[in-house]
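Below is one structure; the comments refer to it alone.
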Amino acid sequence: MRSRIPLFIFTGALTVSLIACSSSPVVDRPSSEASDDGHGAVAGAEEVAEPQLGLTSIDAEGAVTHLDLLDESVTEIGRVSSPSALTTDGRYLFAQTDDGIEIVDSGVWTWDHVDHFHYYRADPTVLGTVPGEGSAAIATTNLSTSGGTGISFAGSGDAVLLDTQALSTGVITELFRIEREPHEGLVVPVGSFALVTEASDGVGTSVRGYTADGESTGLEEPCIAPAGTIATRVGAVIGCHDGALLAHVDDDELRVERIPYPAGTTAPPAESFDNREGRPTVAGLAGSEGIWMLDTRARSWTLLPSPAPLAHVTAVDDQDAHLLALAEDGRVLVLNGADGSLLAETAPLAAQSLSSGAKPTLIADQHRAYLSAPAEHRLYEIDYADDARIARTFDTATEPAFVAETGR
């Protein structure tokens with residue numbers, strides 16, 4: 001459905017200046033993810049000159065809408081079942097529902113060729129459902145037209161790897177579905193392979209390597225209580241109780257490195273990670289004791305102090321090492337990623353949402369941050385490099401329960 005509907009009201013006074021990402025410094029990228037003969041093109045899609053950035057939202061009733069950040073128009077995409085969680089790779093939205101994972105294609109994406117980028121636009125649509133029981137953990141790569149997408153269902157234990165190339169043509173195809181002991185686990189795509197967690201007595205104990213057709217590679221690494229995963233330019237990160245695993249492909253072989261927490265640390269392990277998409281440095285909360293920064297290039301952790309009780313953190317990993325945080329009182333904090341010092345802050349923008357149990361989303365890209373305030377019925381665009389200035393505000397007619405930045 002392509003109708004334009006006035007769900008968002010623009011109340012800011014500044015138009016975003018979008019600078020082509022190709023001006024960024026060239027950084028490393030796993031060889032397993034660096035090739036795609038089609039340069040991210042899909043039949044029926046239009047290649048365009050600039051990134052088609054937008055905010056794609058799902059409200060509490062399952063209505064899916066897309067706010068175009070270039071022209072501020074809004075498109076109604078369709079409807080899914082009422083969601084309880086959301087994961088995105090910058091193109092697809094993976095919504096947790098009672099039936100499993102329902103997938104939405106936003107119809108906008110960027111293909112990263114390391115030294116330059118390609119931008120595409122196609123019709124958005126609701127693709128369908130991957131059935132599964134219990135809560136699901138989703139793991140994606142940085143390319144939305146190749147490789148795999150991993151889904152781990154905690155209730156049944158099923159480990160599923162989707163064909164992302166097939167997904168880009170509108171078809172949901174399972175490359176494998178492996179039965180395991182039920183647990184809060186992960187299925188992490190790494191090039192043409194995947195790492196799948198295994199459990200004992202309901203607790204994850206290790207990760208095993210598989211080919212895309214579900215054959216074991218023989219690789220197995222200990223990983224107690226696995227939690228959190230994210231794709232970076234260096235490789236895929238998997239959080240473990242004693243540190244992180246960094247997985248990548250070299251010479252067509254799946255390899256895993258262990259990055260332990262600093263000796264003597266008593267801070268809780270990170271249970272999730274976030275960053276500006278694709279960058280090598282990621283951030284996660286160390287419980288209430290601080291912020292873990294993981295530099296995947298240097299294979300090192302840094303524990304930073306928290307200037308306030310925090311609900312979420314994300315690493316911008318730009319030239320100024322910005323780190324963004326959402327405080328429990330609803331403020332967005334701009335921190336120095338080197339020492340954790342406070343550089344700037346907003347007023348409490350999502351206080352009502354946090355106090356009511358709603359789930360605000362804080363997103364960082366190369367130039368702006370975006371914050372959803374569901375209970376306030378509002379979306380904010382924040383210029384974090386300009387003293388946390390509010391660049392634009394969008395009021396919404398319905399509660400944007402879950403929001404993803406798409407087109408990146």
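How things are named: the first chain in the structure tokens is A, the next is B, and so on; residues count from 1 in each chain; ligands count from 1 in the order shown.
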For region 208-299 of chain A versus region 83-93 of chain A, which residues have an atom no more than 12 Å away, and what is each residue's nearest atom pair and distance in Å rounded to one decimal, using only C-alpha atoms, chain-then-number order, as a Markdown table?
```
| residue | atom | partner | partner_atom | distance |
| --- | --- | --- | --- | --- |
| A:Thr229 | CA | A:Thr87 | CA | 11.6 |
| A:Ile230 | CA | A:Asp89 | CA | 10.0 |
| A:Ala231 | CA | A:Asp89 | CA | 9.5 |
| A:Thr232 | CA | A:Asp89 | CA | 11.9 |
| A:Asp274 | CA | A:Thr87 | CA | 11.6 |
| A:Arg276 | CA | A:Gly90 | CA | 10.8 |
| A:Glu277 | CA | A:Gly90 | CA | 8.3 |
| A:Gly278 | CA | A:Asp89 | CA | 10.2 |
```
- Query: Residues at most 9 Å from region 334-336 of chain A, counting only C-alpha atoms, excluding those fewer than 2 positions away in the same chain, as number ranges by chain?
  - Reply: A: 307, 320-325, 332, 338-346, 384-385, 387-388
- Note on the structure: Here CA of Gly287 (chain A) and CA of His241 (chain A) stand apart by 12.7 Å
- Message: So that I can see what lies close to Tyr370 (chain A), please list as a PyMOL selection string the residues with an atom at most 12 Å from it, counting only C-alpha atoms and leaving out residues fewer than 4 positions away in the same chain.
- Response: chain A and resi 53-56+69+276+314+324-326+332+349-350+360-366+378-384+388-394+403-406
Long-range neighbours of Asp112 (chain A) as a short mmCIF file (atom, residue, chain, number, x, y, z; two decimals) with N, CA and C atoms, in the first residue's frame, 9 Å cut-off, only C-alpha atoms, 4 positions minimum in chain:
```cif
data_model
loop_
_atom_site.label_atom_id
_atom_site.label_comp_id
_atom_site.auth_asym_id
_atom_site.auth_seq_id
_atom_site.Cartn_x
_atom_site.Cartn_y
_atom_site.Cartn_z
N ALA A 34 32.71 -8.72 1.57
CA ALA A 34 33.09 -7.59 0.73
C ALA A 34 32.69 -7.74 -0.73
N HIS A 39 26.28 -5.61 -6.62
CA HIS A 39 26.41 -4.33 -5.93
C HIS A 39 25.13 -3.97 -5.17
N GLY A 40 24.42 -4.99 -4.69
CA GLY A 40 23.22 -4.74 -3.90
C GLY A 40 21.97 -4.50 -4.70
N HIS A 116 33.09 3.03 -1.80
CA HIS A 116 31.95 3.79 -2.30
C HIS A 116 30.67 3.04 -1.96
N PHE A 117 29.53 3.68 -2.19
CA PHE A 117 28.26 3.13 -1.77
C PHE A 117 27.25 3.18 -2.91
N HIS A 118 26.27 2.28 -2.87
CA HIS A 118 25.16 2.28 -3.80
C HIS A 118 23.87 2.38 -2.99
N TYR A 119 22.91 3.16 -3.49
CA TYR A 119 21.67 3.39 -2.76
C TYR A 119 20.49 2.94 -3.62
N ASN A 142 25.86 -6.74 7.55
CA ASN A 142 25.77 -5.35 7.07
C ASN A 142 25.29 -5.24 5.63
N LEU A 143 24.99 -6.37 4.99
CA LEU A 143 24.50 -6.37 3.62
C LEU A 143 23.13 -7.02 3.58
#
```
Looking only at strand (DSSP E) from DSSP on the backbone, list the matching residues of region 120-257 of chain A as a compact mmCIF listing (two decimals) with N, CA and C atoms, in the first residue's frame.
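The resulting result-v8.txt:
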```txt
# COMPACT_ATOMS: atom_id res chain seq x y z
N TYR A 120 19.52 2.29 -2.96
CA TYR A 120 18.41 1.70 -3.71
C TYR A 120 17.07 2.02 -3.05
N ARG A 121 16.03 1.98 -3.91
CA ARG A 121 14.66 2.20 -3.45
C ARG A 121 13.74 1.26 -4.23
N THR A 125 7.03 -3.61 1.67
CA THR A 125 6.00 -4.64 1.79
C THR A 125 6.21 -5.44 3.06
N VAL A 126 5.15 -6.11 3.49
CA VAL A 126 5.22 -7.09 4.57
C VAL A 126 5.46 -8.45 3.91
N LEU A 127 6.58 -9.11 4.24
CA LEU A 127 6.99 -10.32 3.53
C LEU A 127 6.33 -11.59 4.05
N GLY A 128 6.12 -11.69 5.36
CA GLY A 128 5.54 -12.91 5.91
C GLY A 128 6.16 -13.25 7.25
N THR A 129 5.97 -14.51 7.68
CA THR A 129 6.33 -14.93 9.03
C THR A 129 7.25 -16.13 9.01
N VAL A 130 8.25 -16.11 9.89
CA VAL A 130 9.06 -17.29 10.19
C VAL A 130 8.52 -17.86 11.49
N PRO A 131 7.87 -19.03 11.47
CA PRO A 131 7.25 -19.56 12.69
C PRO A 131 8.28 -19.99 13.71
N ALA A 136 12.73 -14.50 20.51
CA ALA A 136 13.68 -14.78 19.43
C ALA A 136 14.79 -13.75 19.43
N ALA A 137 16.01 -14.21 19.20
CA ALA A 137 17.16 -13.33 19.01
C ALA A 137 17.50 -13.32 17.53
N ILE A 138 17.67 -12.13 16.96
CA ILE A 138 17.95 -11.97 15.54
C ILE A 138 19.38 -11.48 15.36
N ALA A 139 20.09 -12.04 14.40
CA ALA A 139 21.44 -11.58 14.07
C ALA A 139 21.53 -11.36 12.57
N GLY A 148 23.34 -14.40 5.16
CA GLY A 148 22.25 -14.99 5.92
C GLY A 148 21.77 -14.08 7.03
N THR A 149 20.62 -14.44 7.58
CA THR A 149 20.04 -13.79 8.76
C THR A 149 19.71 -14.89 9.76
N GLY A 150 20.21 -14.76 10.98
CA GLY A 150 20.03 -15.81 11.98
C GLY A 150 18.89 -15.52 12.94
N ILE A 151 18.13 -16.56 13.27
CA ILE A 151 17.05 -16.46 14.26
C ILE A 151 17.19 -17.61 15.24
N SER A 152 17.21 -17.30 16.52
CA SER A 152 17.27 -18.31 17.58
C SER A 152 16.01 -18.20 18.43
N PHE A 153 15.18 -19.26 18.42
CA PHE A 153 13.94 -19.27 19.19
C PHE A 153 14.19 -19.93 20.54
N ALA A 159 17.17 -23.29 15.76
CA ALA A 159 18.16 -22.37 15.21
C ALA A 159 17.92 -22.28 13.72
N VAL A 160 17.58 -21.07 13.23
CA VAL A 160 17.19 -20.88 11.84
C VAL A 160 18.14 -19.91 11.16
N LEU A 161 18.57 -20.27 9.95
CA LEU A 161 19.34 -19.35 9.12
C LEU A 161 18.54 -19.08 7.86
N LEU A 162 18.18 -17.79 7.64
CA LEU A 162 17.45 -17.38 6.45
C LEU A 162 18.41 -17.00 5.34
N ASP A 163 17.97 -17.19 4.10
CA ASP A 163 18.71 -16.76 2.93
C ASP A 163 18.39 -15.29 2.67
N GLU A 174 14.42 -20.74 4.35
CA GLU A 174 15.26 -21.21 5.44
C GLU A 174 16.39 -22.06 4.87
N LEU A 175 17.63 -21.62 5.07
CA LEU A 175 18.78 -22.41 4.65
C LEU A 175 18.97 -23.61 5.55
N PHE A 176 18.74 -23.41 6.84
CA PHE A 176 18.68 -24.57 7.75
C PHE A 176 17.80 -24.24 8.95
N ARG A 177 17.32 -25.28 9.62
CA ARG A 177 16.61 -25.19 10.90
C ARG A 177 17.11 -26.36 11.73
N ILE A 178 17.87 -26.04 12.77
CA ILE A 178 18.51 -27.04 13.61
C ILE A 178 17.79 -27.10 14.95
N VAL A 187 21.99 -17.33 16.72
CA VAL A 187 22.43 -17.87 15.43
C VAL A 187 23.04 -16.68 14.69
N VAL A 188 24.34 -16.70 14.51
CA VAL A 188 25.06 -15.52 14.02
C VAL A 188 25.67 -15.80 12.65
N PRO A 189 25.18 -15.14 11.59
CA PRO A 189 25.76 -15.33 10.26
C PRO A 189 27.14 -14.70 10.18
N VAL A 190 28.07 -15.43 9.53
CA VAL A 190 29.43 -14.95 9.33
C VAL A 190 29.83 -15.36 7.91
N PHE A 193 28.95 -18.78 6.47
CA PHE A 193 28.84 -19.69 7.61
C PHE A 193 27.88 -19.10 8.64
N ALA A 194 27.71 -19.84 9.74
CA ALA A 194 26.95 -19.33 10.88
C ALA A 194 27.48 -19.97 12.15
N LEU A 195 27.46 -19.21 13.22
CA LEU A 195 27.78 -19.72 14.55
C LEU A 195 26.48 -19.92 15.31
N VAL A 196 26.31 -21.09 15.90
CA VAL A 196 25.08 -21.46 16.59
C VAL A 196 25.41 -21.84 18.02
N THR A 197 24.71 -21.24 18.98
CA THR A 197 24.99 -21.56 20.38
C THR A 197 24.38 -22.91 20.74
N GLU A 198 25.05 -23.59 21.68
CA GLU A 198 24.57 -24.84 22.25
C GLU A 198 24.41 -24.65 23.75
N ALA A 199 23.57 -25.50 24.38
CA ALA A 199 23.24 -25.29 25.79
C ALA A 199 23.27 -26.59 26.57
N SER A 200 23.37 -26.44 27.87
CA SER A 200 23.25 -27.54 28.81
C SER A 200 22.40 -27.06 29.98
N VAL A 203 21.17 -23.39 29.75
CA VAL A 203 22.11 -22.27 29.72
C VAL A 203 23.11 -22.49 28.60
N GLY A 204 23.33 -21.45 27.78
CA GLY A 204 24.29 -21.56 26.69
C GLY A 204 25.68 -21.83 27.20
N THR A 205 26.39 -22.74 26.52
CA THR A 205 27.74 -23.13 26.96
C THR A 205 28.80 -22.95 25.88
N SER A 206 28.40 -22.91 24.59
CA SER A 206 29.39 -22.86 23.53
C SER A 206 28.75 -22.40 22.23
N VAL A 207 29.60 -22.12 21.23
CA VAL A 207 29.12 -21.86 19.87
C VAL A 207 29.77 -22.87 18.94
N ARG A 208 29.00 -23.30 17.94
CA ARG A 208 29.50 -24.25 16.95
C ARG A 208 29.36 -23.65 15.56
N GLY A 209 30.31 -23.97 14.69
CA GLY A 209 30.28 -23.46 13.33
C GLY A 209 29.52 -24.38 12.40
N TYR A 210 28.74 -23.76 11.49
CA TYR A 210 27.98 -24.51 10.49
C TYR A 210 28.15 -23.83 9.14
N THR A 211 28.07 -24.64 8.09
CA THR A 211 27.97 -24.09 6.75
C THR A 211 26.54 -23.63 6.52
N SER A 216 28.07 -29.23 9.99
CA SER A 216 29.02 -28.77 10.99
C SER A 216 30.40 -28.58 10.37
N THR A 217 31.08 -27.48 10.76
CA THR A 217 32.45 -27.25 10.31
C THR A 217 33.47 -27.88 11.23
N GLY A 218 33.04 -28.35 12.39
CA GLY A 218 33.94 -28.88 13.40
C GLY A 218 34.43 -27.85 14.38
N LEU A 219 34.19 -26.56 14.09
CA LEU A 219 34.63 -25.51 15.01
C LEU A 219 33.70 -25.45 16.22
N GLU A 220 34.26 -25.38 17.40
CA GLU A 220 33.48 -25.20 18.63
C GLU A 220 34.30 -24.38 19.61
N GLU A 221 33.67 -23.36 20.18
CA GLU A 221 34.34 -22.49 21.14
C GLU A 221 33.48 -22.33 22.38
N PRO A 222 34.07 -22.39 23.58
CA PRO A 222 33.28 -22.14 24.79
C PRO A 222 32.72 -20.73 24.80
N THR A 229 24.78 -9.75 20.18
CA THR A 229 25.62 -9.90 19.00
C THR A 229 25.44 -8.69 18.10
N ILE A 230 26.48 -8.38 17.32
CA ILE A 230 26.42 -7.25 16.42
C ILE A 230 27.46 -7.46 15.32
N ALA A 231 27.15 -6.99 14.11
CA ALA A 231 28.09 -7.07 12.99
C ALA A 231 28.89 -5.79 12.91
N ALA A 236 31.89 -10.39 13.27
CA ALA A 236 30.69 -10.49 14.09
C ALA A 236 31.07 -10.69 15.55
N VAL A 237 30.45 -9.93 16.42
CA VAL A 237 30.71 -9.99 17.85
C VAL A 237 29.63 -10.83 18.53
N ILE A 238 30.06 -11.71 19.44
CA ILE A 238 29.14 -12.47 20.28
C ILE A 238 29.57 -12.26 21.72
N GLY A 239 28.65 -11.80 22.56
CA GLY A 239 28.97 -11.59 23.97
C GLY A 239 28.92 -12.89 24.75
N CYS A 240 29.89 -13.09 25.63
CA CYS A 240 29.94 -14.24 26.54
C CYS A 240 30.16 -13.71 27.96
N GLY A 243 33.74 -12.31 28.26
CA GLY A 243 34.27 -11.43 27.23
C GLY A 243 33.45 -11.52 25.96
N ALA A 244 34.13 -11.55 24.83
CA ALA A 244 33.43 -11.62 23.55
C ALA A 244 34.19 -12.52 22.60
N LEU A 245 33.46 -13.09 21.66
CA LEU A 245 34.05 -13.79 20.53
C LEU A 245 33.94 -12.89 19.31
N LEU A 246 34.98 -12.85 18.50
CA LEU A 246 34.99 -12.08 17.26
C LEU A 246 35.16 -13.08 16.11
N ALA A 247 34.14 -13.19 15.27
CA ALA A 247 34.14 -14.19 14.20
C ALA A 247 34.29 -13.52 12.84
N HIS A 248 35.08 -14.11 11.98
CA HIS A 248 35.27 -13.60 10.63
C HIS A 248 35.71 -14.76 9.75
N VAL A 249 35.79 -14.51 8.44
CA VAL A 249 36.20 -15.54 7.48
C VAL A 249 37.51 -15.12 6.84
N ASP A 250 38.50 -16.00 6.89
CA ASP A 250 39.78 -15.78 6.24
C ASP A 250 40.08 -16.98 5.35
N GLU A 253 37.71 -19.79 5.38
CA GLU A 253 37.62 -20.58 6.61
C GLU A 253 37.05 -19.72 7.73
N LEU A 254 36.11 -20.28 8.47
CA LEU A 254 35.51 -19.58 9.61
C LEU A 254 36.50 -19.56 10.77
N ARG A 255 36.76 -18.37 11.29
CA ARG A 255 37.71 -18.23 12.40
C ARG A 255 37.06 -17.45 13.54
N VAL A 256 37.43 -17.80 14.77
CA VAL A 256 36.89 -17.16 15.96
C VAL A 256 38.04 -16.77 16.89
N GLU A 257 38.05 -15.50 17.31
CA GLU A 257 39.03 -15.02 18.28
C GLU A 257 38.31 -14.67 19.58
```
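Of note, CA of Ser355 (chain A) and CA of Gly284 (chain A) are spaced 21.5 Å apart.
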- Message: Going by DSSP on the backbone, which residues of region 337-396 of chain A come out as alpha helix (DSSP H)? List them as a PyMOL selection string.
- Response: chain A and resi 351-356
Saved selection, atoms kept: C-alpha atoms, as a short mmCIF file (atom, residue, chain, number, x, y, z; two decimals), in the first residue's frame:
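Final output, part.cif:
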```cif
data_model
loop_
_atom_site.label_atom_id
_atom_site.label_comp_id
_atom_site.auth_asym_id
_atom_site.auth_seq_id
_atom_site.Cartn_x
_atom_site.Cartn_y
_atom_site.Cartn_z
CA ALA A 351 10.63 10.50 30.53
CA GLN A 352 6.99 9.46 30.26
CA SER A 353 7.87 6.50 28.05
CA LEU A 354 10.56 5.20 30.40
CA SER A 355 8.43 5.62 33.51
CA SER A 356 5.47 3.84 31.89
#
```
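Omitting Arg279 (chain A) and its sequence neighbours fewer than 4 positions away, and counting only C-alpha atoms, the residues within 9 Å are Val27, Ala231, Thr232, Arg233, Val234, Asn275, Ala315, Val316, Asp317 and Asp318 of chain A.
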Preceding selection exported with N, CA and C atoms as a short mmCIF file (atom, residue, chain, number, x, y, z; two decimals), in the first residue's frame:
```
data_model
loop_
_atom_site.label_atom_id
_atom_site.label_comp_id
_atom_site.auth_asym_id
_atom_site.auth_seq_id
_atom_site.Cartn_x
_atom_site.Cartn_y
_atom_site.Cartn_z
N VAL A 27 37.84 1.88 5.79
CA VAL A 27 38.29 1.03 6.88
C VAL A 27 38.13 -0.42 6.46
N ALA A 231 27.15 -6.99 14.11
CA ALA A 231 28.09 -7.07 12.99
C ALA A 231 28.89 -5.79 12.91
N THR A 232 30.21 -5.91 12.78
CA THR A 232 31.09 -4.77 12.59
C THR A 232 31.89 -4.97 11.30
N ARG A 233 32.67 -3.96 10.92
CA ARG A 233 33.52 -4.10 9.74
C ARG A 233 34.61 -5.14 9.94
N VAL A 234 34.96 -5.42 11.18
CA VAL A 234 36.03 -6.37 11.46
C VAL A 234 35.51 -7.79 11.52
N ASN A 275 25.90 0.29 17.92
CA ASN A 275 26.84 1.26 17.35
C ASN A 275 26.24 1.85 16.09
N ALA A 315 27.63 3.43 20.34
CA ALA A 315 28.89 4.07 19.95
C ALA A 315 28.76 4.67 18.56
N VAL A 316 29.00 5.97 18.43
CA VAL A 316 29.02 6.60 17.12
C VAL A 316 30.32 6.27 16.40
N ASP A 317 31.42 6.21 17.16
CA ASP A 317 32.72 5.82 16.61
C ASP A 317 33.13 6.70 15.44
N ASP A 318 32.93 8.01 15.60
CA ASP A 318 33.32 8.96 14.57
C ASP A 318 34.69 9.56 14.93
#
```
